[in-house]
Amino acid sequence: MTTGYVWNTVYGWVDTGTGSLFPSDATAGLQPISHHLAHPDTKRRFHELVAVSGLLDRVRSIKAVPASEEDILRVHTAQHLDRIKAESLQPKGGDAGDGCSPFGKGGYEIAALSAGGAIELVKQVVAGTVDNGYALVNPPGHHATRATGMGFCMFNNVSVAAAYAKAVLGIERVAIVDWDVHHGNGTQDIWFTDPSVLTISIHQHLCFPPNSGFREERGEGDGYGYAINIPLPPGSGDAAYLHALERVVEPALRSFDPQLIIVASGFDASILDPLARQMVTSAGFQKFTRRMLDTAADVCAGRIAFVQEGGYSPHYVPYCGVAVLRELLGEEFVDDPYTPIVATMGGDVLLAHEAAAIEEAVPLMAQL
């Protein structure tokens with residue numbers, strides 16, 4: 001297999017400020033801290049493990065090119081774009097839009113390069129110059145709605161890439177599968193009325209954003225039925241996610257019959273992540289990747305691109321990412337140093353309440 005890989009050094013330079021989850025605020029007792037929970041070291045460490053493991057020599061490096069304003073405006077409002085650009089010129093930068101997602105001066109340029117990295121990977125996948133690929137971009141994107149950024153996301157990278165594929169590459173139907181632990185609310189918002197893009201989000205129920213990601217959110221107008229949410233209870237692990245793929249995601253993809261699949265690949269459902277309470281292991285992410293590759297081979301001639309979203313454990317994200325990359329390359333999974341610990345914590349057995357939650361999402365495919 002030929003696997004494309006996108007990384008740029010400035011993805012590791014994203015400045016999320018000195019807060020922990022919210023910006024530091026002495027009046028509220030929020031002390032500054034050297035590492036924000038969304039600091040870029042998780043992604044940088046992922047890339048460095050790719051390098052020292054030898055995988056960097058086996059992937060095909062793809063150079064990121066900044067997304068143009070035209071690219072961004074296919075999915076975002078001009079007001080949002082103009083505000084991000086203006087705040088990016090300020091000495092201390094600005095905020096993505098929710099008051100809790102700071103970015104430093106020059107943040108617009110990095111965000112445009114992140115969205116552009118997703119585009120460049122999709123271009124190569126659609127052209128067939130690579131069989132599949134992984135865009136290790138930063139900042140992430142799936143919380144950015146059409147009109148605003150939030151949750152550390154400035155521009156919706158997967159949506160910018162999907163819109164490019166539709167407008168420029170001749171792709172008519174795109175499926176976006178989001179396994180980040182948080183609801184892909186921004187991606188859903190952008191495509192909520194569009195039946196040409198199927199959005200599927202597997203997430204921890206009510207983790208983030210608040211009051212978002214319910215099964216009842218199914219799209220509107222012509223897009224009704226083309227938004228599928230699979231909210232999972234806290235504590236769900238490899239077995240629950242695999243069951244969700246088998247019972248909902250894979251059948252939905254086969255019914256929709258996309259010409260391209262984009263996976264919004266967050267690693268914050270991992271068992272060691274500080275911002276959620278799920279129990280997925282690196283071996284689990286490897287198995288998810290295998291299932292997605294097999295489905296893509298069946299429905300869209302294997303055209304599939306993985307784009308980085310969240311993941312906040314600097315210890316475990318690199319191993320989850322390398323597990324995915326190994327599977328994309330067709331290589332055997334290698335246990336990571338945390339396996340002797342995390343493999344004993346549960347998550348490898350499907351519990352009754354997890355299966356019940358997944359079964360409630362099965363009828364959502366009826367509209368496809």
# chains A, B, ... in the order shown; residues from 1 in each chain; ligands from 1

$ closest_atom_pairs --of "region 97-152 of chain A" --to "region 323-335 of chain A" --cutoff "10 Å" --atoms "only C-alpha atoms" --output "JSON lines"
{"residue": "A:Asp131", "atom": "CA", "partner": "A:Leu328", "partner_atom": "CA", "distance": 8.7}
{"residue": "A:Asn132", "atom": "CA", "partner": "A:Leu328", "partner_atom": "CA", "distance": 6.8}
{"residue": "A:Gly133", "atom": "CA", "partner": "A:Leu328", "partner_atom": "CA", "distance": 7.2}
{"residue": "A:Tyr134", "atom": "CA", "partner": "A:Leu325", "partner_atom": "CA", "distance": 7.3}

$ write_last_selection --atoms "C-alpha atoms" --output "PDB file, in the first residue's frame"
ATOM      1  CA  ASP A 131      -3.951   4.347  -1.836  1.00  0.00           C
ATOM      2  CA  ASN A 132      -4.923   6.075   1.402  1.00  0.00           C
ATOM      3  CA  GLY A 133      -3.428   8.633   3.727  1.00  0.00           C
ATOM      4  CA  TYR A 134      -3.179  10.431   7.044  1.00  0.00           C
TER       5      TYR A 134
END

$ residues_around --residues "Gly106 (chain A)" --least-positions-apart "4" --cutoff "7 Å" --atoms "only C-alpha atoms" --output "list in words"
Ser88, Leu89 and Ile110 of chain A

$ closest_residue --among "A:Ile190, A:Ala297, A:Met150, A:Ala28" --to "Pro102 (chain A)" --atoms "only C-alpha atoms"
A:Met150

$ residues_around --residues "Val160 (chain A)" --least-positions-apart "3" --cutoff "7 Å" --atoms "only C-alpha atoms" --output "ChimeraX atom specification"
/A:71-72,75,115,156-157,163-164

$ closest_residue --among "A:Val197, A:Leu350, A:Ile261, A:Val317" --to "Gly237 (chain A)" --atoms "only C-alpha atoms"
A:Leu350

$ closest_atom_pairs --of "region 172-205 of chain A" --to "region 242-247 of chain A" --cutoff "12 Å" --atoms "only C-alpha atoms" --output "JSON lines"
{"residue": "A:Val177", "atom": "CA", "partner": "A:Leu245", "partner_atom": "CA", "distance": 10.0}
{"residue": "A:Asp178", "atom": "CA", "partner": "A:Leu245", "partner_atom": "CA", "distance": 11.3}
{"residue": "A:Trp179", "atom": "CA", "partner": "A:Leu245", "partner_atom": "CA", "distance": 10.0}
{"residue": "A:Ile200", "atom": "CA", "partner": "A:Leu245", "partner_atom": "CA", "distance": 10.4}
{"residue": "A:Ser201", "atom": "CA", "partner": "A:Ala244", "partner_atom": "CA", "distance": 10.5}
{"residue": "A:Ile202", "atom": "CA", "partner": "A:Ala244", "partner_atom": "CA", "distance": 7.9}
{"residue": "A:His203", "atom": "CA", "partner": "A:Ala244", "partner_atom": "CA", "distance": 10.6}

$ write_last_selection --atoms "C-alpha atoms" --output "PDB file, in the first residue's frame"
ATOM      1  CA  VAL A 177     -16.998   9.452   9.660  1.00  0.00           C
ATOM      2  CA  ASP A 178     -15.992  11.139  12.905  1.00  0.00           C
ATOM      3  CA  TRP A 179     -14.723   8.972  15.775  1.00  0.00           C
ATOM      4  CA  ILE A 200     -21.610  10.151  11.001  1.00  0.00           C
ATOM      5  CA  SER A 201     -20.394  11.001  14.497  1.00  0.00           C
ATOM      6  CA  ILE A 202     -19.545   8.372  17.129  1.00  0.00           C
ATOM      7  CA  HIS A 203     -18.994  10.210  20.399  1.00  0.00           C
TER       8      HIS A 203
END

$ select_by_dssp --residues "region 146-356 of chain A" --states "strand (DSSP E)" --output "PyMOL selection string"
chain A and resi 174-178+197-204+227-232+260-265+304-308

$ select_by_dssp --residues "region 77-246 of chain A" --states "alpha helix (DSSP H)" --output "PDB file with N, CA, C and O atoms, in the first residue's frame"
ATOM      1  N   ALA A  78     -18.131  34.640   5.302  1.00  0.00           N
ATOM      2  CA  ALA A  78     -17.094  35.659   5.130  1.00  0.00           C
ATOM      3  C   ALA A  78     -16.818  36.368   6.451  1.00  0.00           C
ATOM      4  O   ALA A  78     -15.674  36.749   6.733  1.00  0.00           O
ATOM      5  N   GLN A  79     -17.843  36.550   7.269  1.00  0.00           N
ATOM      6  CA  GLN A  79     -17.667  37.222   8.557  1.00  0.00           C
ATOM      7  C   GLN A  79     -16.723  36.434   9.457  1.00  0.00           C
ATOM      8  O   GLN A  79     -15.854  37.005  10.141  1.00  0.00           O
ATOM      9  N   HIS A  80     -16.876  35.117   9.471  1.00  0.00           N
ATOM     10  CA  HIS A  80     -15.996  34.283  10.293  1.00  0.00           C
ATOM     11  C   HIS A  80     -14.557  34.357   9.783  1.00  0.00           C
ATOM     12  O   HIS A  80     -13.618  34.566  10.570  1.00  0.00           O
ATOM     13  N   LEU A  81     -14.386  34.213   8.497  1.00  0.00           N
ATOM     14  CA  LEU A  81     -13.047  34.283   7.920  1.00  0.00           C
ATOM     15  C   LEU A  81     -12.393  35.625   8.204  1.00  0.00           C
ATOM     16  O   LEU A  81     -11.226  35.689   8.639  1.00  0.00           O
ATOM     17  N   ASP A  82     -13.133  36.712   7.997  1.00  0.00           N
ATOM     18  CA  ASP A  82     -12.563  38.054   8.190  1.00  0.00           C
ATOM     19  C   ASP A  82     -12.178  38.283   9.646  1.00  0.00           C
ATOM     20  O   ASP A  82     -11.144  38.910   9.935  1.00  0.00           O
ATOM     21  N   ARG A  83     -12.998  37.787  10.570  1.00  0.00           N
ATOM     22  CA  ARG A  83     -12.684  37.980  11.986  1.00  0.00           C
ATOM     23  C   ARG A  83     -11.415  37.226  12.371  1.00  0.00           C
ATOM     24  O   ARG A  83     -10.537  37.762  13.072  1.00  0.00           O
ATOM     25  N   ILE A  84     -11.289  35.986  11.945  1.00  0.00           N
ATOM     26  CA  ILE A  84     -10.098  35.202  12.255  1.00  0.00           C
ATOM     27  C   ILE A  84      -8.851  35.893  11.687  1.00  0.00           C
ATOM     28  O   ILE A  84      -7.812  36.000  12.362  1.00  0.00           O
ATOM     29  N   LYS A  85      -8.936  36.368  10.460  1.00  0.00           N
ATOM     30  CA  LYS A  85      -7.797  37.042   9.850  1.00  0.00           C
ATOM     31  C   LYS A  85      -7.424  38.297  10.629  1.00  0.00           C
ATOM     32  O   LYS A  85      -6.234  38.562  10.874  1.00  0.00           O
ATOM     33  N   ALA A  86      -8.428  39.079  11.025  1.00  0.00           N
ATOM     34  CA  ALA A  86      -8.165  40.331  11.740  1.00  0.00           C
ATOM     35  C   ALA A  86      -7.549  40.060  13.109  1.00  0.00           C
ATOM     36  O   ALA A  86      -6.561  40.711  13.505  1.00  0.00           O
ATOM     37  N   GLU A  87      -8.093  39.091  13.852  1.00  0.00           N
ATOM     38  CA  GLU A  87      -7.567  38.801  15.180  1.00  0.00           C
ATOM     39  C   GLU A  87      -6.183  38.175  15.097  1.00  0.00           C
ATOM     40  O   GLU A  87      -5.361  38.328  16.008  1.00  0.00           O
ATOM     41  N   SER A  88      -5.914  37.474  14.022  1.00  0.00           N
ATOM     42  CA  SER A  88      -4.609  36.847  13.839  1.00  0.00           C
ATOM     43  C   SER A  88      -3.496  37.885  13.703  1.00  0.00           C
ATOM     44  O   SER A  88      -2.325  37.577  13.950  1.00  0.00           O
ATOM     45  N   GLY A 107      -2.111  32.923  13.801  1.00  0.00           N
ATOM     46  CA  GLY A 107      -2.904  31.705  13.881  1.00  0.00           C
ATOM     47  C   GLY A 107      -3.688  31.414  12.616  1.00  0.00           C
ATOM     48  O   GLY A 107      -3.921  30.248  12.272  1.00  0.00           O
ATOM     49  N   TYR A 108      -4.084  32.465  11.914  1.00  0.00           N
ATOM     50  CA  TYR A 108      -4.823  32.260  10.667  1.00  0.00           C
ATOM     51  C   TYR A 108      -3.986  31.473   9.667  1.00  0.00           C
ATOM     52  O   TYR A 108      -4.486  30.545   9.009  1.00  0.00           O
ATOM     53  N   GLU A 109      -2.728  31.826   9.548  1.00  0.00           N
ATOM     54  CA  GLU A 109      -1.875  31.153   8.570  1.00  0.00           C
ATOM     55  C   GLU A 109      -1.726  29.661   8.889  1.00  0.00           C
ATOM     56  O   GLU A 109      -1.728  28.814   7.980  1.00  0.00           O
ATOM     57  N   ILE A 110      -1.602  29.330  10.179  1.00  0.00           N
ATOM     58  CA  ILE A 110      -1.479  27.913  10.540  1.00  0.00           C
ATOM     59  C   ILE A 110      -2.797  27.192  10.287  1.00  0.00           C
ATOM     60  O   ILE A 110      -2.815  26.060   9.777  1.00  0.00           O
ATOM     61  N   ALA A 111      -3.912  27.846  10.628  1.00  0.00           N
ATOM     62  CA  ALA A 111      -5.217  27.212  10.415  1.00  0.00           C
ATOM     63  C   ALA A 111      -5.484  26.989   8.931  1.00  0.00           C
ATOM     64  O   ALA A 111      -6.028  25.954   8.528  1.00  0.00           O
ATOM     65  N   ALA A 112      -5.102  27.943   8.091  1.00  0.00           N
ATOM     66  CA  ALA A 112      -5.267  27.775   6.643  1.00  0.00           C
ATOM     67  C   ALA A 112      -4.387  26.642   6.128  1.00  0.00           C
ATOM     68  O   ALA A 112      -4.781  25.888   5.228  1.00  0.00           O
ATOM     69  N   LEU A 113      -3.196  26.490   6.712  1.00  0.00           N
ATOM     70  CA  LEU A 113      -2.312  25.402   6.314  1.00  0.00           C
ATOM     71  C   LEU A 113      -2.859  24.054   6.787  1.00  0.00           C
ATOM     72  O   LEU A 113      -2.670  23.024   6.109  1.00  0.00           O
ATOM     73  N   SER A 114      -3.544  24.052   7.918  1.00  0.00           N
ATOM     74  CA  SER A 114      -4.167  22.820   8.410  1.00  0.00           C
ATOM     75  C   SER A 114      -5.272  22.367   7.468  1.00  0.00           C
ATOM     76  O   SER A 114      -5.322  21.204   7.045  1.00  0.00           O
ATOM     77  N   ALA A 115      -6.163  23.285   7.120  1.00  0.00           N
ATOM     78  CA  ALA A 115      -7.229  22.956   6.171  1.00  0.00           C
ATOM     79  C   ALA A 115      -6.644  22.577   4.813  1.00  0.00           C
ATOM     80  O   ALA A 115      -7.122  21.640   4.149  1.00  0.00           O
ATOM     81  N   GLY A 116      -5.601  23.278   4.421  1.00  0.00           N
ATOM     82  CA  GLY A 116      -4.964  22.981   3.144  1.00  0.00           C
ATOM     83  C   GLY A 116      -4.283  21.628   3.133  1.00  0.00           C
ATOM     84  O   GLY A 116      -4.239  20.952   2.090  1.00  0.00           O
ATOM     85  N   GLY A 117      -3.753  21.200   4.271  1.00  0.00           N
ATOM     86  CA  GLY A 117      -3.167  19.869   4.358  1.00  0.00           C
ATOM     87  C   GLY A 117      -4.193  18.782   4.101  1.00  0.00           C
ATOM     88  O   GLY A 117      -3.911  17.775   3.437  1.00  0.00           O
ATOM     89  N   ALA A 118      -5.407  18.992   4.632  1.00  0.00           N
ATOM     90  CA  ALA A 118      -6.484  18.037   4.376  1.00  0.00           C
ATOM     91  C   ALA A 118      -6.843  18.001   2.898  1.00  0.00           C
ATOM     92  O   ALA A 118      -7.079  16.932   2.319  1.00  0.00           O
ATOM     93  N   ILE A 119      -6.877  19.168   2.262  1.00  0.00           N
ATOM     94  CA  ILE A 119      -7.159  19.228   0.827  1.00  0.00           C
ATOM     95  C   ILE A 119      -6.103  18.462   0.029  1.00  0.00           C
ATOM     96  O   ILE A 119      -6.432  17.663  -0.868  1.00  0.00           O
ATOM     97  N   GLU A 120      -4.829  18.696   0.336  1.00  0.00           N
ATOM     98  CA  GLU A 120      -3.760  18.067  -0.435  1.00  0.00           C
ATOM     99  C   GLU A 120      -3.815  16.545  -0.327  1.00  0.00           C
ATOM    100  O   GLU A 120      -3.577  15.834  -1.315  1.00  0.00           O
ATOM    101  N   LEU A 121      -4.150  16.027   0.853  1.00  0.00           N
ATOM    102  CA  LEU A 121      -4.274  14.583   0.994  1.00  0.00           C
ATOM    103  C   LEU A 121      -5.437  14.061   0.161  1.00  0.00           C
ATOM    104  O   LEU A 121      -5.303  13.056  -0.560  1.00  0.00           O
ATOM    105  N   VAL A 122      -6.584  14.727   0.249  1.00  0.00           N
ATOM    106  CA  VAL A 122      -7.753  14.290  -0.515  1.00  0.00           C
ATOM    107  C   VAL A 122      -7.464  14.321  -2.014  1.00  0.00           C
ATOM    108  O   VAL A 122      -7.874  13.422  -2.761  1.00  0.00           O
ATOM    109  N   LYS A 123      -6.766  15.345  -2.476  1.00  0.00           N
ATOM    110  CA  LYS A 123      -6.408  15.412  -3.900  1.00  0.00           C
ATOM    111  C   LYS A 123      -5.633  14.171  -4.331  1.00  0.00           C
ATOM    112  O   LYS A 123      -5.904  13.586  -5.393  1.00  0.00           O
ATOM    113  N   GLN A 124      -4.674  13.772  -3.525  1.00  0.00           N
ATOM    114  CA  GLN A 124      -3.844  12.616  -3.883  1.00  0.00           C
ATOM    115  C   GLN A 124      -4.632  11.315  -3.812  1.00  0.00           C
ATOM    116  O   GLN A 124      -4.452  10.416  -4.653  1.00  0.00           O
ATOM    117  N   VAL A 125      -5.509  11.198  -2.822  1.00  0.00           N
ATOM    118  CA  VAL A 125      -6.330   9.990  -2.706  1.00  0.00           C
ATOM    119  C   VAL A 125      -7.269   9.866  -3.894  1.00  0.00           C
ATOM    120  O   VAL A 125      -7.414   8.791  -4.493  1.00  0.00           O
ATOM    121  N   VAL A 126      -7.925  10.952  -4.260  1.00  0.00           N
ATOM    122  CA  VAL A 126      -8.865  10.917  -5.380  1.00  0.00           C
ATOM    123  C   VAL A 126      -8.129  10.661  -6.693  1.00  0.00           C
ATOM    124  O   VAL A 126      -8.611   9.910  -7.560  1.00  0.00           O
ATOM    125  N   ALA A 127      -6.947  11.232  -6.836  1.00  0.00           N
ATOM    126  CA  ALA A 127      -6.167  11.028  -8.057  1.00  0.00           C
ATOM    127  C   ALA A 127      -5.587   9.619  -8.148  1.00  0.00           C
ATOM    128  O   ALA A 127      -5.197   9.171  -9.230  1.00  0.00           O
ATOM    129  N   ASN A 157     -11.591  21.505   8.911  1.00  0.00           N
ATOM    130  CA  ASN A 157     -10.659  20.936   7.941  1.00  0.00           C
ATOM    131  C   ASN A 157     -11.295  19.868   7.048  1.00  0.00           C
ATOM    132  O   ASN A 157     -11.118  19.881   5.826  1.00  0.00           O
ATOM    133  N   VAL A 158     -12.020  18.919   7.665  1.00  0.00           N
ATOM    134  CA  VAL A 158     -12.599  17.844   6.857  1.00  0.00           C
ATOM    135  C   VAL A 158     -13.663  18.383   5.914  1.00  0.00           C
ATOM    136  O   VAL A 158     -13.814  17.901   4.783  1.00  0.00           O
ATOM    137  N   SER A 159     -14.394  19.401   6.352  1.00  0.00           N
ATOM    138  CA  SER A 159     -15.429  19.968   5.485  1.00  0.00           C
ATOM    139  C   SER A 159     -14.820  20.791   4.353  1.00  0.00           C
ATOM    140  O   SER A 159     -15.318  20.773   3.225  1.00  0.00           O
ATOM    141  N   VAL A 160     -13.751  21.520   4.645  1.00  0.00           N
ATOM    142  CA  VAL A 160     -13.051  22.254   3.587  1.00  0.00           C
ATOM    143  C   VAL A 160     -12.567  21.274   2.525  1.00  0.00           C
ATOM    144  O   VAL A 160     -12.705  21.508   1.317  1.00  0.00           O
ATOM    145  N   ALA A 161     -12.025  20.131   2.966  1.00  0.00           N
ATOM    146  CA  ALA A 161     -11.528  19.126   2.020  1.00  0.00           C
ATOM    147  C   ALA A 161     -12.674  18.469   1.252  1.00  0.00           C
ATOM    148  O   ALA A 161     -12.565  18.225   0.047  1.00  0.00           O
ATOM    149  N   ALA A 162     -13.783  18.177   1.951  1.00  0.00           N
ATOM    150  CA  ALA A 162     -14.939  17.572   1.283  1.00  0.00           C
ATOM    151  C   ALA A 162     -15.517  18.516   0.241  1.00  0.00           C
ATOM    152  O   ALA A 162     -15.876  18.098  -0.870  1.00  0.00           O
ATOM    153  N   ALA A 163     -15.634  19.795   0.592  1.00  0.00           N
ATOM    154  CA  ALA A 163     -16.180  20.775  -0.347  1.00  0.00           C
ATOM    155  C   ALA A 163     -15.265  20.934  -1.553  1.00  0.00           C
ATOM    156  O   ALA A 163     -15.735  21.107  -2.685  1.00  0.00           O
ATOM    157  N   TYR A 164     -13.956  20.877  -1.337  1.00  0.00           N
ATOM    158  CA  TYR A 164     -13.006  20.946  -2.450  1.00  0.00           C
ATOM    159  C   TYR A 164     -13.198  19.741  -3.377  1.00  0.00           C
ATOM    160  O   TYR A 164     -13.198  19.877  -4.610  1.00  0.00           O
ATOM    161  N   ALA A 165     -13.343  18.565  -2.784  1.00  0.00           N
ATOM    162  CA  ALA A 165     -13.537  17.360  -3.592  1.00  0.00           C
ATOM    163  C   ALA A 165     -14.785  17.469  -4.452  1.00  0.00           C
ATOM    164  O   ALA A 165     -14.783  17.057  -5.618  1.00  0.00           O
ATOM    165  N   LYS A 166     -15.838  18.051  -3.901  1.00  0.00           N
ATOM    166  CA  LYS A 166     -17.084  18.204  -4.647  1.00  0.00           C
ATOM    167  C   LYS A 166     -16.970  19.272  -5.727  1.00  0.00           C
ATOM    168  O   LYS A 166     -17.437  19.096  -6.854  1.00  0.00           O
ATOM    169  N   ALA A 167     -16.356  20.397  -5.388  1.00  0.00           N
ATOM    170  CA  ALA A 167     -16.321  21.541  -6.313  1.00  0.00           C
ATOM    171  C   ALA A 167     -15.259  21.411  -7.391  1.00  0.00           C
ATOM    172  O   ALA A 167     -15.446  21.903  -8.511  1.00  0.00           O
ATOM    173  N   ASN A 185     -20.029  18.542  15.870  1.00  0.00           N
ATOM    174  CA  ASN A 185     -21.154  19.475  15.680  1.00  0.00           C
ATOM    175  C   ASN A 185     -20.937  20.433  14.513  1.00  0.00           C
ATOM    176  O   ASN A 185     -21.883  20.781  13.798  1.00  0.00           O
ATOM    177  N   GLY A 186     -19.696  20.874  14.323  1.00  0.00           N
ATOM    178  CA  GLY A 186     -19.431  21.821  13.244  1.00  0.00           C
ATOM    179  C   GLY A 186     -19.619  21.185  11.881  1.00  0.00           C
ATOM    180  O   GLY A 186     -20.213  21.788  10.978  1.00  0.00           O
ATOM    181  N   THR A 187     -19.109  19.969  11.725  1.00  0.00           N
ATOM    182  CA  THR A 187     -19.275  19.252  10.462  1.00  0.00           C
ATOM    183  C   THR A 187     -20.753  19.016  10.190  1.00  0.00           C
ATOM    184  O   THR A 187     -21.229  19.194   9.056  1.00  0.00           O
ATOM    185  N   GLN A 188     -21.482  18.622  11.209  1.00  0.00           N
ATOM    186  CA  GLN A 188     -22.921  18.418  11.056  1.00  0.00           C
ATOM    187  C   GLN A 188     -23.617  19.707  10.646  1.00  0.00           C
ATOM    188  O   GLN A 188     -24.470  19.722   9.753  1.00  0.00           O
ATOM    189  N   ASP A 189     -23.267  20.816  11.276  1.00  0.00           N
ATOM    190  CA  ASP A 189     -23.882  22.109  10.971  1.00  0.00           C
ATOM    191  C   ASP A 189     -23.663  22.498   9.508  1.00  0.00           C
ATOM    192  O   ASP A 189     -24.591  22.954   8.833  1.00  0.00           O
ATOM    193  N   ILE A 190     -22.468  22.302   9.019  1.00  0.00           N
ATOM    194  CA  ILE A 190     -22.123  22.729   7.662  1.00  0.00           C
ATOM    195  C   ILE A 190     -22.917  21.953   6.613  1.00  0.00           C
ATOM    196  O   ILE A 190     -23.357  22.515   5.603  1.00  0.00           O
ATOM    197  N   ASP A 238     -13.126  -0.577  23.122  1.00  0.00           N
ATOM    198  CA  ASP A 238     -12.932  -1.148  21.793  1.00  0.00           C
ATOM    199  C   ASP A 238     -14.165  -1.898  21.313  1.00  0.00           C
ATOM    200  O   ASP A 238     -14.599  -1.756  20.160  1.00  0.00           O
ATOM    201  N   ALA A 239     -14.742  -2.733  22.188  1.00  0.00           N
ATOM    202  CA  ALA A 239     -15.856  -3.589  21.784  1.00  0.00           C
ATOM    203  C   ALA A 239     -17.083  -2.769  21.387  1.00  0.00           C
ATOM    204  O   ALA A 239     -17.755  -3.087  20.400  1.00  0.00           O
ATOM    205  N   ALA A 240     -17.374  -1.720  22.126  1.00  0.00           N
ATOM    206  CA  ALA A 240     -18.544  -0.896  21.813  1.00  0.00           C
ATOM    207  C   ALA A 240     -18.345  -0.156  20.498  1.00  0.00           C
ATOM    208  O   ALA A 240     -19.259  -0.089  19.659  1.00  0.00           O
ATOM    209  N   TYR A 241     -17.174   0.397  20.288  1.00  0.00           N
ATOM    210  CA  TYR A 241     -16.920   1.124  19.040  1.00  0.00           C
ATOM    211  C   TYR A 241     -16.961   0.179  17.837  1.00  0.00           C
ATOM    212  O   TYR A 241     -17.503   0.520  16.779  1.00  0.00           O
ATOM    213  N   LEU A 242     -16.416  -1.023  17.984  1.00  0.00           N
ATOM    214  CA  LEU A 242     -16.468  -1.987  16.890  1.00  0.00           C
ATOM    215  C   LEU A 242     -17.906  -2.395  16.592  1.00  0.00           C
ATOM    216  O   LEU A 242     -18.286  -2.577  15.429  1.00  0.00           O
ATOM    217  N   HIS A 243     -18.713  -2.512  17.631  1.00  0.00           N
ATOM    218  CA  HIS A 243     -20.125  -2.856  17.439  1.00  0.00           C
ATOM    219  C   HIS A 243     -20.851  -1.721  16.716  1.00  0.00           C
ATOM    220  O   HIS A 243     -21.687  -1.970  15.843  1.00  0.00           O
ATOM    221  N   ALA A 244     -20.520  -0.485  17.065  1.00  0.00           N
ATOM    222  CA  ALA A 244     -21.137   0.665  16.392  1.00  0.00           C
ATOM    223  C   ALA A 244     -20.749   0.695  14.918  1.00  0.00           C
ATOM    224  O   ALA A 244     -21.574   1.010  14.048  1.00  0.00           O
TER     225      ALA A 244
END

$ residues_around --residues "Gln278 (chain A)" --least-positions-apart "6" --cutoff "7 Å" --atoms "only C-alpha atoms" --output "list in words"
Pro234, Gly235, Ser236, Gly237, Ala269, Ser270 and Ile271 of chain A

$ write_last_selection --atoms "N, CA, C and O atoms" --output "short mmCIF file (atom, residue, chain, number, x, y, z; two decimals), in the first residue's frame"
data_model
loop_
_atom_site.label_atom_id
_atom_site.label_comp_id
_atom_site.auth_asym_id
_atom_site.auth_seq_id
_atom_site.Cartn_x
_atom_site.Cartn_y
_atom_site.Cartn_z
N PRO A 234 -20.42 6.80 28.68
CA PRO A 234 -19.05 6.81 29.19
C PRO A 234 -18.61 5.39 29.55
O PRO A 234 -19.41 4.56 29.98
N GLY A 235 -17.33 5.12 29.36
CA GLY A 235 -16.80 3.80 29.65
C GLY A 235 -16.79 2.87 28.46
O GLY A 235 -16.31 1.74 28.56
N SER A 236 -17.30 3.33 27.32
CA SER A 236 -17.29 2.48 26.13
C SER A 236 -15.86 2.30 25.62
O SER A 236 -15.08 3.25 25.58
N GLY A 237 -15.56 1.09 25.23
CA GLY A 237 -14.20 0.79 24.77
C GLY A 237 -14.17 0.19 23.39
O GLY A 237 -15.09 0.39 22.58
N ALA A 269 -10.90 9.45 22.45
CA ALA A 269 -11.67 8.35 23.03
C ALA A 269 -10.74 7.34 23.67
O ALA A 269 -11.20 6.30 24.18
N SER A 270 -9.44 7.62 23.68
CA SER A 270 -8.49 6.67 24.24
C SER A 270 -8.65 6.56 25.76
O SER A 270 -9.14 7.48 26.42
N ILE A 271 -8.20 5.47 26.27
CA ILE A 271 -8.36 5.16 27.69
C ILE A 271 -7.54 6.09 28.58
O ILE A 271 -7.82 6.20 29.78
#

$ atom_distance --atom1 "CA of Glu354 (chain A)" --atom2 "CA of Val280 (chain A)"
13.7 Å

$ closest_residue --among "A:Leu136, A:Cys300, A:Ala361, A:Met345" --to "Lys63 (chain A)" --atoms "only C-alpha atoms"
A:Leu136

$ atom_distance --atom1 "CA of Met279 (chain A)" --atom2 "CA of Gly346 (chain A)"
7.4 Å

$ closest_residue --among "A:Cys100, A:Leu272, A:Leu368, A:Val307" --to "Arg218 (chain A)" --atoms "only C-alpha atoms"
A:Leu368
